[in-house]
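Coordinates as given in final-v1.txt (compact mmCIF, C-alpha atoms and all ligand atoms):
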```txt
# COMPACT_ATOMS: atom_id res chain seq x y z
CA MET A 208 0.00 0.00 0.00
CA SER A 209 1.21 3.51 -0.72
CA VAL A 210 0.03 6.65 1.03
CA THR A 211 -0.23 10.16 -0.36
CA ARG A 212 -1.10 13.01 1.95
CA VAL A 213 -3.26 15.83 0.60
CA GLU A 214 -1.96 18.88 2.44
CA LEU A 215 -4.40 21.77 2.75
CA ALA A 216 -4.32 24.94 4.81
CA GLY A 217 -4.58 23.71 8.38
CA ARG A 218 -5.71 20.22 7.46
CA SER A 219 -4.61 17.10 5.63
CA TYR A 220 -5.86 13.63 4.78
CA GLU A 221 -4.48 10.42 3.40
CA VAL A 222 -5.12 8.73 0.09
CA ARG A 223 -4.20 5.07 0.47
CA VAL A 224 -3.72 3.07 -2.71
CA GLY A 225 -3.36 -0.70 -2.63
CA SER A 226 -4.93 -4.13 -2.79
CA GLY A 227 -7.37 -5.57 -0.27
CA LEU A 228 -8.44 -2.21 1.20
CA LEU A 229 -12.18 -2.87 0.89
CA GLU A 230 -11.83 -6.27 2.59
CA ASP A 231 -9.97 -4.45 5.33
CA VAL A 232 -12.23 -1.40 5.44
CA ALA A 233 -13.03 -1.69 9.17
CA VAL A 234 -9.36 -1.56 10.13
CA GLN A 235 -8.58 1.18 7.60
CA CYS A 236 -11.46 3.42 8.70
CA GLY A 237 -11.77 2.22 12.30
CA PRO A 238 -10.27 5.27 14.04
CA LEU A 239 -12.77 7.53 12.22
CA LEU A 240 -15.88 5.50 13.09
CA ARG A 241 -17.38 6.59 16.42
CA LYS A 242 -20.54 4.52 16.43
CA GLN A 243 -21.50 0.94 15.80
CA ALA A 244 -23.82 1.85 12.91
CA VAL A 245 -21.93 2.80 9.73
CA PRO A 246 -23.89 4.52 6.92
CA ILE A 247 -22.71 3.53 3.44
CA ILE A 248 -23.98 4.97 0.15
CA THR A 249 -23.39 2.89 -2.97
CA ASP A 250 -25.00 1.92 -6.29
CA ALA A 251 -26.47 -1.40 -7.38
CA ASN A 252 -23.57 -2.35 -9.71
CA VAL A 253 -20.96 -1.75 -7.04
CA ALA A 254 -23.08 -3.44 -4.36
CA ALA A 255 -23.31 -6.60 -6.49
CA TYR A 256 -19.52 -6.99 -6.38
CA TRP A 257 -18.38 -5.26 -3.21
CA GLN A 258 -21.15 -5.08 -0.60
CA GLU A 259 -20.26 -8.49 0.79
CA ALA A 260 -16.57 -7.73 1.33
CA VAL A 261 -17.32 -4.43 3.04
CA THR A 262 -20.05 -5.99 5.18
CA GLY A 263 -17.76 -8.86 6.17
CA SER A 264 -14.99 -6.57 7.31
CA LEU A 265 -17.27 -4.25 9.28
CA THR A 266 -19.33 -6.92 11.00
CA ALA A 267 -16.21 -8.90 11.96
CA ALA A 268 -14.97 -5.77 13.73
CA GLY A 269 -18.27 -5.29 15.59
CA PHE A 270 -19.73 -2.57 13.36
CA GLU A 271 -23.19 -2.60 11.83
CA PRO A 272 -23.16 -1.54 8.16
CA HIS A 273 -26.29 0.24 6.91
CA PHE A 274 -26.41 0.45 3.11
CA LEU A 275 -28.36 2.80 0.89
CA VAL A 276 -28.16 1.27 -2.60
CA LEU A 277 -28.95 3.75 -5.39
CA ASP A 278 -29.53 3.34 -9.13
CA PRO A 279 -26.28 3.42 -11.12
CA GLY A 280 -25.74 6.26 -13.55
CA GLU A 281 -25.31 10.00 -13.89
CA ALA A 282 -29.06 10.62 -13.33
CA THR A 283 -28.51 9.71 -9.68
CA LYS A 284 -26.65 13.01 -9.12
CA SER A 285 -29.97 14.86 -8.87
CA TRP A 286 -31.90 17.04 -6.41
CA GLN A 287 -34.40 14.19 -5.93
CA VAL A 288 -31.80 11.59 -5.01
CA LEU A 289 -29.91 14.12 -2.87
CA GLU A 290 -33.10 14.64 -0.87
CA GLN A 291 -33.50 10.89 -0.51
CA VAL A 292 -29.91 10.51 0.67
CA VAL A 293 -30.10 13.37 3.17
CA ASP A 294 -33.40 12.15 4.62
CA TRP A 295 -31.99 8.64 4.93
CA LEU A 296 -28.88 9.97 6.71
CA LEU A 297 -31.08 11.97 9.10
CA ASP A 298 -33.09 8.80 9.79
CA GLN A 299 -29.77 7.12 10.55
CA GLU A 300 -29.18 9.90 13.12
CA VAL A 301 -25.86 10.85 11.57
CA GLU A 302 -24.16 13.66 13.50
CA ARG A 303 -21.49 16.15 12.55
CA GLY A 304 -18.61 14.12 13.98
CA ASP A 305 -19.71 10.94 12.16
CA HIS A 306 -18.42 9.63 8.84
CA ILE A 307 -20.47 8.49 5.86
CA LEU A 308 -18.83 6.01 3.49
CA ALA A 309 -19.10 6.64 -0.28
CA LEU A 310 -18.59 3.28 -2.00
CA GLY A 311 -18.58 3.66 -5.80
CA GLY A 312 -17.52 5.75 -8.75
CA GLY A 313 -17.60 9.50 -9.21
CA VAL A 314 -21.39 9.62 -9.17
CA ILE A 315 -21.61 8.15 -5.67
CA GLY A 316 -18.59 10.12 -4.46
CA ASP A 317 -19.88 13.49 -5.72
CA LEU A 318 -23.42 12.92 -4.41
CA THR A 319 -22.37 11.54 -1.02
CA GLY A 320 -19.75 14.25 -0.60
CA PHE A 321 -22.33 16.94 -1.27
CA ALA A 322 -24.82 15.34 1.12
CA ALA A 323 -22.07 15.25 3.76
CA ALA A 324 -21.26 18.91 3.07
CA ILE A 325 -24.79 20.08 3.83
CA LEU A 326 -25.90 17.57 6.48
CA LYS A 327 -25.72 19.26 9.90
CA ARG A 328 -23.73 22.01 8.12
CA GLY A 329 -21.00 19.56 7.26
CA CYS A 330 -20.24 16.08 8.54
CA GLY A 331 -17.41 13.71 7.75
CA PHE A 332 -17.15 11.32 4.83
CA ILE A 333 -14.74 8.73 3.51
CA GLN A 334 -14.22 8.04 -0.19
CA LEU A 335 -14.04 4.39 -1.26
CA PRO A 336 -13.60 4.94 -5.02
CA THR A 337 -14.25 1.86 -7.18
CA THR A 338 -13.70 3.20 -10.72
CA LEU A 339 -10.36 4.18 -12.20
CA LEU A 340 -11.75 7.67 -12.81
CA ALA A 341 -12.82 8.05 -9.19
CA GLN A 342 -9.51 6.71 -7.85
CA VAL A 343 -7.34 9.05 -9.91
CA ASP A 344 -9.55 12.09 -10.03
CA SER A 345 -12.95 12.61 -8.41
CA SER A 346 -12.31 11.11 -4.95
CA VAL A 347 -9.34 13.41 -4.30
CA GLY A 348 -9.65 17.16 -3.98
CA GLY A 349 -13.00 17.82 -2.35
CA LYS A 350 -15.17 18.91 -5.27
CA THR A 351 -18.69 17.61 -4.72
CA ALA A 352 -21.79 18.32 -6.79
CA ILE A 353 -25.08 17.31 -8.31
CA ASN A 354 -26.55 18.06 -11.74
CA THR A 355 -29.56 20.29 -12.35
CA ARG A 356 -31.66 21.01 -15.42
CA ALA A 357 -29.29 23.92 -16.18
CA GLY A 358 -26.31 21.59 -16.51
CA LYS A 359 -23.82 19.27 -14.87
CA ASN A 360 -22.12 19.96 -11.53
CA LEU A 361 -23.64 23.42 -11.18
CA VAL A 362 -24.70 22.94 -7.57
CA GLY A 363 -22.12 21.71 -5.12
CA ALA A 364 -19.56 22.48 -2.47
CA PHE A 365 -15.89 22.13 -1.70
CA HIS A 366 -15.90 19.50 1.03
CA GLN A 367 -12.84 17.37 1.60
CA PRO A 368 -13.07 13.71 2.64
CA SER A 369 -11.31 12.59 5.83
CA LEU A 370 -9.74 9.61 4.08
CA VAL A 371 -9.63 8.03 0.61
CA LEU A 372 -9.14 4.28 0.17
CA ALA A 373 -8.44 3.38 -3.46
CA ASP A 374 -8.63 -0.41 -3.61
CA LEU A 375 -6.96 -1.61 -6.81
CA ASP A 376 -8.90 -4.89 -6.57
CA ALA A 377 -12.08 -2.97 -7.42
CA LEU A 378 -10.70 -2.33 -10.90
CA ALA A 379 -10.96 -6.05 -11.65
CA THR A 380 -14.76 -5.87 -11.82
CA LEU A 381 -14.91 -2.60 -13.75
CA PRO A 382 -16.27 -2.83 -17.34
CA SER A 383 -13.45 -2.25 -19.86
CA ARG A 384 -15.08 0.80 -21.39
CA GLU A 385 -15.13 2.48 -17.96
CA MET A 386 -11.46 1.57 -17.56
CA GLY A 387 -10.59 3.33 -20.81
CA ALA A 388 -12.59 6.39 -19.80
CA GLY A 389 -10.76 6.55 -16.47
CA TYR A 390 -7.43 6.15 -18.21
CA ALA A 391 -8.02 9.41 -20.09
CA GLU A 392 -7.77 11.23 -16.73
CA VAL A 393 -4.56 9.29 -15.95
CA ILE A 394 -2.69 10.28 -19.11
CA LYS A 395 -4.01 13.81 -18.61
CA TYR A 396 -1.62 14.27 -15.66
CA GLY A 397 1.31 13.41 -17.92
CA ILE A 398 0.22 15.68 -20.75
CA LEU A 399 -0.50 18.65 -18.50
CA GLY A 400 2.46 18.56 -16.19
CA ASP A 401 4.79 15.56 -16.23
CA HIS A 402 6.70 14.64 -19.36
CA ALA A 403 8.29 11.57 -17.76
CA PHE A 404 4.92 10.20 -16.70
CA PHE A 405 3.59 10.82 -20.21
CA ALA A 406 6.48 8.77 -21.59
CA TRP A 407 5.60 5.99 -19.11
CA CYS A 408 1.99 6.15 -20.35
CA GLU A 409 3.15 5.81 -23.95
CA GLU A 410 4.81 2.53 -23.01
CA ASN A 411 2.31 1.21 -20.48
CA GLY A 412 -1.12 2.70 -21.20
CA ALA A 413 -2.36 -0.38 -23.02
CA LYS A 414 -1.36 -2.53 -20.03
CA VAL A 415 -3.31 -0.31 -17.63
CA VAL A 416 -6.54 -0.66 -19.56
CA ALA A 417 -5.95 -4.38 -20.17
CA GLY A 418 -5.88 -4.98 -16.40
CA ASP A 419 -2.17 -5.37 -15.61
CA ALA A 420 -2.12 -4.95 -11.81
CA ALA A 421 1.40 -3.52 -11.51
CA ALA A 422 0.78 -0.99 -14.27
CA GLN A 423 -2.52 0.02 -12.69
CA GLU A 424 -0.87 0.51 -9.31
CA TYR A 425 1.81 2.78 -10.76
CA ALA A 426 -0.76 4.73 -12.80
CA VAL A 427 -3.06 5.31 -9.80
CA ASP A 428 -0.15 6.23 -7.50
CA GLN A 429 1.30 8.76 -9.90
CA SER A 430 -2.10 10.26 -10.69
CA VAL A 431 -3.09 10.62 -7.04
CA ALA A 432 0.26 12.26 -6.27
CA ALA A 433 -0.24 14.69 -9.16
CA LYS A 434 -3.78 15.55 -8.14
CA ALA A 435 -2.76 15.99 -4.49
CA ARG A 436 0.04 18.38 -5.50
CA ILE A 437 -2.27 20.49 -7.63
CA VAL A 438 -5.06 20.61 -5.05
CA ALA A 439 -2.59 21.55 -2.32
CA GLN A 440 -1.48 24.52 -4.41
CA ASP A 441 -4.95 25.71 -5.32
CA GLU A 442 -7.69 24.09 -3.23
CA ARG A 443 -10.54 26.26 -4.54
CA GLU A 444 -9.40 26.86 -8.12
CA THR A 445 -8.57 30.50 -7.52
CA THR A 446 -4.96 30.79 -8.72
CA GLY A 447 -5.29 28.94 -12.02
CA THR A 448 -3.18 25.91 -11.09
CA ARG A 449 -6.19 23.69 -10.47
CA ALA A 450 -7.75 24.91 -13.73
CA LEU A 451 -5.02 22.98 -15.57
CA LEU A 452 -6.91 19.82 -14.58
CA ASN A 453 -9.51 20.95 -17.10
CA LEU A 454 -7.18 20.06 -19.97
CA GLY A 455 -9.37 18.51 -22.66
CA HIS A 456 -12.51 19.39 -20.74
CA THR A 457 -13.66 22.49 -22.66
CA PHE A 458 -13.63 20.63 -25.99
CA GLY A 459 -14.77 17.45 -24.25
CA HIS A 460 -17.70 19.12 -22.53
CA ALA A 461 -18.93 20.43 -25.89
CA LEU A 462 -18.82 16.91 -27.33
CA GLU A 463 -20.67 15.53 -24.30
CA ALA A 464 -23.32 18.23 -24.66
CA GLU A 465 -23.68 17.56 -28.40
CA THR A 466 -24.17 13.82 -27.73
CA GLY A 467 -26.70 14.63 -24.99
CA PHE A 468 -24.50 13.42 -22.07
CA SER A 469 -25.49 9.93 -23.14
CA ASP A 470 -23.75 6.55 -23.15
CA ARG A 471 -22.66 7.35 -26.69
CA LEU A 472 -19.72 9.19 -25.20
CA LEU A 473 -18.54 8.66 -21.62
CA HIS A 474 -16.97 11.64 -19.84
CA GLY A 475 -13.46 10.21 -20.04
CA GLU A 476 -13.91 9.36 -23.71
CA ALA A 477 -14.91 12.97 -24.34
CA VAL A 478 -11.88 14.19 -22.37
CA ALA A 479 -9.61 11.94 -24.45
CA LEU A 480 -10.96 13.52 -27.64
CA GLY A 481 -10.77 16.94 -26.01
CA MET A 482 -7.09 16.48 -25.19
CA VAL A 483 -6.36 15.50 -28.81
CA LEU A 484 -8.19 18.64 -29.94
CA ALA A 485 -6.34 20.82 -27.41
CA ALA A 486 -3.03 19.38 -28.65
CA ARG A 487 -3.89 19.91 -32.32
CA PHE A 488 -5.18 23.41 -31.66
CA SER A 489 -1.95 24.18 -29.76
CA ALA A 490 0.01 22.93 -32.80
CA ARG A 491 -2.10 25.05 -35.14
CA LYS A 492 -1.27 28.09 -33.00
CA GLY A 493 2.42 27.18 -33.15
CA TYR A 494 2.73 26.52 -29.40
CA ILE A 495 3.79 22.88 -29.87
CA SER A 496 5.10 20.93 -32.84
CA GLN A 497 2.88 18.79 -35.06
CA ASP A 498 5.05 15.86 -33.93
CA ASP A 499 4.20 16.45 -30.27
CA ALA A 500 0.49 16.68 -31.14
CA ALA A 501 0.78 13.41 -33.07
CA ARG A 502 2.59 11.78 -30.13
CA ILE A 503 -0.22 12.77 -27.75
CA CYS A 504 -2.82 11.46 -30.17
CA ALA A 505 -0.95 8.14 -30.59
CA ALA A 506 -0.54 7.65 -26.84
CA ILE A 507 -4.26 8.17 -26.27
CA GLY A 508 -5.09 5.84 -29.15
CA ASN A 509 -2.80 3.14 -27.68
CA ALA A 510 -5.25 2.83 -24.81
CA LEU A 511 -8.02 2.06 -27.32
CA LEU A 512 -9.61 5.47 -26.92
CA THR A 513 -11.13 7.16 -29.96
CA THR A 514 -8.99 10.05 -31.16
CA GLU A 515 -10.94 11.37 -34.16
CA ILE A 516 -14.13 13.36 -33.66
CA ALA A 517 -15.02 12.61 -37.29
CA SER A 518 -15.71 9.03 -36.17
CA LEU A 519 -18.56 10.30 -33.95
CA ASP A 520 -20.49 11.25 -37.10
CA LEU A 521 -21.88 14.40 -35.53
CA SER A 522 -24.20 16.44 -37.71
CA CYS A 523 -23.19 19.75 -36.11
CA ARG A 524 -20.78 22.52 -37.12
CA GLY A 525 -17.82 23.88 -35.21
CA ALA A 526 -19.87 26.91 -34.19
CA ASP A 527 -22.43 24.62 -32.51
CA LEU A 528 -19.68 23.07 -30.39
CA VAL A 529 -18.42 26.55 -29.48
CA ALA A 530 -21.98 27.46 -28.43
CA HIS A 531 -21.96 24.48 -26.04
CA MET A 532 -18.65 25.70 -24.62
CA LEU A 533 -20.18 29.08 -23.90
CA HIS A 534 -22.76 27.37 -21.70
CA ASP A 535 -20.03 25.66 -19.70
CA LYS A 536 -19.73 26.74 -16.07
CA LYS A 537 -16.03 27.46 -16.57
CA MET A 538 -16.94 30.75 -18.23
CA ASP A 539 -15.32 33.45 -16.14
CA ALA A 540 -16.47 37.08 -16.52
CA GLY A 541 -17.41 36.49 -20.13
CA THR A 542 -14.12 34.90 -21.22
CA LEU A 543 -13.74 31.23 -21.97
CA PRO A 544 -10.40 29.92 -20.71
CA PHE A 545 -8.76 27.16 -22.76
CA ILE A 546 -6.08 24.88 -21.42
CA LEU A 547 -3.46 24.65 -24.16
CA LEU A 548 0.05 23.23 -24.39
CA ARG A 549 3.49 24.77 -24.74
CA GLY A 550 4.97 21.30 -24.74
CA ILE A 551 4.17 17.80 -23.52
CA GLY A 552 3.96 18.27 -19.75
CA GLU A 553 3.52 22.04 -20.05
CA ALA A 554 -0.11 23.10 -20.02
CA PHE A 555 -1.16 26.71 -19.56
CA VAL A 556 -4.39 28.68 -19.33
CA ASP A 557 -5.15 30.83 -22.39
CA LYS A 558 -7.95 33.31 -21.71
CA HIS A 559 -7.73 35.05 -25.06
CA VAL A 560 -8.55 32.36 -27.58
CA ASP A 561 -10.44 33.59 -30.63
CA LEU A 562 -13.65 31.56 -30.66
CA ALA A 563 -14.13 32.03 -34.41
CA GLU A 564 -10.75 30.37 -34.90
CA VAL A 565 -11.81 27.51 -32.62
CA GLY A 566 -14.97 27.09 -34.72
CA ALA A 567 -12.99 27.01 -37.97
CA PHE A 568 -10.54 24.50 -36.47
CA LEU A 569 -13.40 22.26 -35.37
CA ASP A 570 -15.02 22.43 -38.81
CA GLU A 571 -11.84 20.87 -40.20
CA GLU A 572 -11.85 18.15 -37.54
CA LEU A 573 -15.54 17.21 -37.78
P1 LIG A 601 -19.89 6.22 -12.26
O1 LIG A 601 -19.84 6.51 -10.84
O2 LIG A 601 -21.18 6.39 -12.97
O3 LIG A 601 -19.36 4.74 -12.52
C1 LIG A 601 -19.35 4.21 -13.81
C2 LIG A 601 -20.10 2.88 -13.88
O4 LIG A 601 -19.30 1.85 -13.31
C3 LIG A 601 -21.42 2.85 -13.14
O5 LIG A 601 -22.33 2.10 -13.87
C4 LIG A 601 -21.06 2.14 -11.83
O6 LIG A 601 -22.18 1.50 -11.28
C5 LIG A 601 -20.04 1.15 -12.30
N1 LIG A 601 -19.05 0.72 -11.32
C6 LIG A 601 -18.40 1.50 -10.43
N2 LIG A 601 -17.43 0.79 -9.83
C7 LIG A 601 -17.50 -0.46 -10.30
C8 LIG A 601 -16.75 -1.65 -10.05
N3 LIG A 601 -15.68 -1.65 -9.24
N4 LIG A 601 -17.11 -2.77 -10.70
C9 LIG A 601 -18.15 -2.74 -11.59
N5 LIG A 601 -18.86 -1.66 -11.88
C10 LIG A 601 -18.54 -0.53 -11.25
O7 LIG A 601 -18.85 7.11 -13.10
P2 LIG A 601 -17.36 7.59 -12.87
O8 LIG A 601 -16.75 7.60 -14.22
O9 LIG A 601 -16.68 6.88 -11.77
O10 LIG A 601 -17.57 9.09 -12.38
C11 LIG A 601 -18.17 10.07 -13.20
C12 LIG A 601 -18.69 11.18 -12.32
O11 LIG A 601 -17.61 11.76 -11.63
C13 LIG A 601 -19.36 12.29 -13.10
O12 LIG A 601 -20.57 12.61 -12.46
C14 LIG A 601 -18.39 13.45 -12.99
O13 LIG A 601 -19.03 14.70 -12.99
C15 LIG A 601 -17.73 13.17 -11.67
N6 LIG A 601 -16.40 13.75 -11.53
C16 LIG A 601 -16.14 14.46 -10.41
C17 LIG A 601 -14.89 15.01 -10.20
C18 LIG A 601 -14.60 15.74 -8.93
O14 LIG A 601 -13.53 16.34 -8.81
N7 LIG A 601 -15.48 15.70 -7.98
C19 LIG A 601 -13.88 14.81 -11.14
C20 LIG A 601 -14.16 14.06 -12.27
C21 LIG A 601 -15.43 13.53 -12.45
ZN ZN A 602 -12.85 14.88 -16.08
```
Step by step, read the file and then write its structure as structure tokens.
Amino acid sequence: MSVTRVELAGRSYEVRVGSGLLEDVAVQCGPLLRKQAVPIITDANVAAYWQEAVTGSLTAAGFEPHFLVLDPGEATKSWQVLEQVVDWLLDQEVERGDHILALGGGVIGDLTGFAAAILKRGCGFIQLPTTLLAQVDSSVGGKTAINTRAGKNLVGAFHQPSLVLADLDALATLPSREMGAGYAEVIKYGILGDHAFFAWCEENGAKVVAGDAAAQEYAVDQSVAAKARIVAQDERETTGTRALLNLGHTFGHALEAETGFSDRLLHGEAVALGMVLAARFSARKGYISQDDAARICAAIGNALLTTEIASLDLSCRGADLVAHMLHDKKMDAGTLPFILLRGIGEAFVDKHVDLAEVGAFLDEEL
């Protein structure tokens, strides 16, 4: 097991990465659990594989696990389900000093984290991320949110977990498409800030998505360390450092919006395409070489991710994708920041991108 500490002003917490952590959850979380009853939020897919292991560990240690099993899927991050979760937690008599366990992917983590943020004006929670995406990205850093009819993640809070347990064994039951989508957020750390890690991904990305345990462990460790460093520098996304994590997300969000946030394109798949577009746009602007853009595209493709938006067969124009971007929450005082590249491992925020040029560029790519 490896441990990364997320250091924040006046506070810190551990992210533990390793095998067997869910089977050992009672020991791992024990010091944080004050009562016999332990509230756990999860979804039906995760429960089918992991409820038994978690229950076994907790009951053997004298705890009493209480599960709330929700429907899987993005639609669960809603006002309605939030209300259900909060009412259930109140019925469980959860108090401010207690901890709620979030067992699942980013949907469960974001929803449970937000419920914890508002319950009794903020109670504790522990992230037990079970997808690659949640282990390397959403469980670390304290962003929590739900979706509303105005868009995704528009209502939420910064609320840090007390502990994150990323059990690599959970990746064994993850559908391969979800693995690929999570891998996009892994290689993102290399492209945005770590040339050496990008080079490792070029060699080993295919192994990560194929289920090689050693490669997965290295990928999760490096990603968690990168995320922890960035969050420690800019917890609330005020200085611009944390914004670099949005590499590929402005283009990606537009593609997700155009495909109706449906299963046609998972978030990570959209981010993979978005990173290819950010690299090619950076090359078009002369910030990086065409060779570097091609290298990024090849490395993403190695992990079986789609790298050509033409293959999506969208019937829209570049200007339609730009219009989606303008609805993105990352709009800041009327400007739309783009994360572009000066090199592999050197992302920067460009607040002065000409949107007509972006539209023309996308017309060529579509
Ligand atoms: P998810 O939670 O929907 O999980 C994907 C699918 O895998 C679901 O069907 C789930 O039931 C299933 N699953 C989860 N773990 C499994 C396992 N071990 N075995 C088998 N099946 C399993 O999606 P996700 O990709 O983990 O997360 C996406 C969400 O994360 C989005 O809502 C996004 O907005 C959010 N997100 C948040 C942050 C943040 O900083 N808070 C960052 C990135 C993404
Ligand atoms: Zn993302």
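Between atom CA of Asp557 of chain A and atom CA of Leu462 of chain A the separation is 20.1 Å.
Straight-line separation from atom CA of Ala341 of chain A to atom CA of Gly400 of chain A: 19.8 Å.
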Quiz item: Please, what distance in Å, to one decimal, runs between atom CA of Ala388 of chain A and atom CA of Glu476 of chain A?
Solution: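 Between these atoms lies a distance of 5.1 Å.
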Could you list, as a PDB file with C-alpha atoms, in the coordinates of the input, all protein and nucleic acid residues with an atom at most 9 Å from ligand ZN 602 (chain A), counting only C-alpha atoms and all ligand atoms?
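Printed below is selection32.pdb as written:
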```
ATOM      1  CA  LEU A 340     -11.750   7.670 -12.810  1.00  0.00           C
ATOM      2  CA  ASP A 344      -9.550  12.090 -10.030  1.00  0.00           C
ATOM      3  CA  SER A 345     -12.950  12.610  -8.410  1.00  0.00           C
ATOM      4  CA  GLY A 389     -10.760   6.550 -16.470  1.00  0.00           C
ATOM      5  CA  ALA A 391      -8.020   9.410 -20.090  1.00  0.00           C
ATOM      6  CA  GLU A 392      -7.770  11.230 -16.730  1.00  0.00           C
ATOM      7  CA  LEU A 452      -6.910  19.820 -14.580  1.00  0.00           C
ATOM      8  CA  ASN A 453      -9.510  20.950 -17.100  1.00  0.00           C
ATOM      9  CA  LEU A 454      -7.180  20.060 -19.970  1.00  0.00           C
ATOM     10  CA  GLY A 455      -9.370  18.510 -22.660  1.00  0.00           C
ATOM     11  CA  HIS A 456     -12.510  19.390 -20.740  1.00  0.00           C
ATOM     12  CA  GLY A 459     -14.770  17.450 -24.250  1.00  0.00           C
ATOM     13  CA  HIS A 474     -16.970  11.640 -19.840  1.00  0.00           C
ATOM     14  CA  GLY A 475     -13.460  10.210 -20.040  1.00  0.00           C
ATOM     15  CA  ALA A 477     -14.910  12.970 -24.340  1.00  0.00           C
ATOM     16  CA  VAL A 478     -11.880  14.190 -22.370  1.00  0.00           C
TER      17      VAL A 478
END
```
Quiz item: Quick one: residues within 12 Å of Asp470 of chain A, only C-alpha atoms counted, chain neighbours fewer than 2 positions away excluded, as an NGL selection string?
Solution: :A and (280-282 or 384-385 or 388 or 463-464 or 466-468 or 472-477)
Keeping only C-alpha atoms, write the selected residues as a compact mmCIF listing (two decimals), keeping the file's coordinate frame.
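Contents of the output file out18.txt:
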```txt
# COMPACT_ATOMS: atom_id res chain seq x y z
CA GLY A 280 -25.74 6.26 -13.55
CA GLU A 281 -25.31 10.00 -13.89
CA ALA A 282 -29.06 10.62 -13.33
CA ARG A 384 -15.08 0.80 -21.39
CA GLU A 385 -15.13 2.48 -17.96
CA ALA A 388 -12.59 6.39 -19.80
CA GLU A 463 -20.67 15.53 -24.30
CA ALA A 464 -23.32 18.23 -24.66
CA THR A 466 -24.17 13.82 -27.73
CA GLY A 467 -26.70 14.63 -24.99
CA PHE A 468 -24.50 13.42 -22.07
CA LEU A 472 -19.72 9.19 -25.20
CA LEU A 473 -18.54 8.66 -21.62
CA HIS A 474 -16.97 11.64 -19.84
CA GLY A 475 -13.46 10.21 -20.04
CA GLU A 476 -13.91 9.36 -23.71
CA ALA A 477 -14.91 12.97 -24.34
```
Long-range neighbours of segment 224-238 of chain A as an mmCIF file with C-alpha atoms, in the frame of the given file, 8 Å cut-off, only C-alpha atoms, 2 positions minimum in chain:
```cif
data_model
loop_
_atom_site.group_PDB
_atom_site.id
_atom_site.type_symbol
_atom_site.label_atom_id
_atom_site.label_comp_id
_atom_site.auth_asym_id
_atom_site.auth_seq_id
_atom_site.Cartn_x
_atom_site.Cartn_y
_atom_site.Cartn_z
ATOM 1 C CA MET A 208 0.000 0.000 0.000
ATOM 2 C CA SER A 209 1.210 3.510 -0.720
ATOM 3 C CA VAL A 210 0.030 6.650 1.030
ATOM 4 C CA VAL A 222 -5.120 8.730 0.090
ATOM 5 C CA LEU A 240 -15.880 5.500 13.090
ATOM 6 C CA ARG A 241 -17.380 6.590 16.420
ATOM 7 C CA TRP A 257 -18.380 -5.260 -3.210
ATOM 8 C CA ALA A 260 -16.570 -7.730 1.330
ATOM 9 C CA VAL A 261 -17.320 -4.430 3.040
ATOM 10 C CA GLY A 263 -17.760 -8.860 6.170
ATOM 11 C CA SER A 264 -14.990 -6.570 7.310
ATOM 12 C CA LEU A 265 -17.270 -4.250 9.280
ATOM 13 C CA ALA A 268 -14.970 -5.770 13.730
ATOM 14 C CA PHE A 270 -19.730 -2.570 13.360
ATOM 15 C CA LEU A 335 -14.040 4.390 -1.260
ATOM 16 C CA LEU A 370 -9.740 9.610 4.080
ATOM 17 C CA LEU A 372 -9.140 4.280 0.170
ATOM 18 C CA ALA A 373 -8.440 3.380 -3.460
ATOM 19 C CA ASP A 374 -8.630 -0.410 -3.610
ATOM 20 C CA LEU A 375 -6.960 -1.610 -6.810
ATOM 21 C CA ASP A 376 -8.900 -4.890 -6.570
ATOM 22 C CA GLU A 424 -0.870 0.510 -9.310
ATOM 23 C CA VAL A 427 -3.060 5.310 -9.800
ATOM 24 C CA ASP A 428 -0.150 6.230 -7.500
#
```
Practice problem: For each of A:Thr457, A:Ser489, A:Gln497, A:Thr448, take the minimum atom-to-atom distance to Leu547 of chain A, counting all atoms listed in the file, then give the residue where this is smallest. | Solution: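 Among the listed residues, A:Ser489 lies closest to Leu547 of chain A.
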Quiz item: Excluding same-chain residues fewer than 5 positions from Asp294 of chain A, what lies within 12 Å of it counting all atoms listed in the file, as a ChimeraX atom specification?
Solution: /A:275,287-289,299-301,322-323,325-327
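Proximity to Ile333 of chain A was assessed for A:Val415, A:His402, A:Gln291, A:Glu221 counting all atoms listed in the file; the smallest distance is recorded for A:Glu221.
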Quiz item: Using all atoms listed in the file, which residue out of A:Ala417, A:Leu239, A:Leu399, A:Ala309 lies closest to Ser369 of chain A?
Solution: A:Leu239
Quiz item: Using only C-alpha atoms, what residues lie at most 12 Å away from (-20.1, 22.0, -31.3) (file coordinates), given as number ranges by chain?
Solution: A: 457-467, 481, 516, 521-534, 562, 565-570, 572-573
Practice problem: Give me the residues within 8 Å of Asp499 of chain A as a PyMOL selection string, counting all atoms listed in the file and dropping any in the same chain fewer than 6 places off. | Solution: chain A and resi 486+550-551
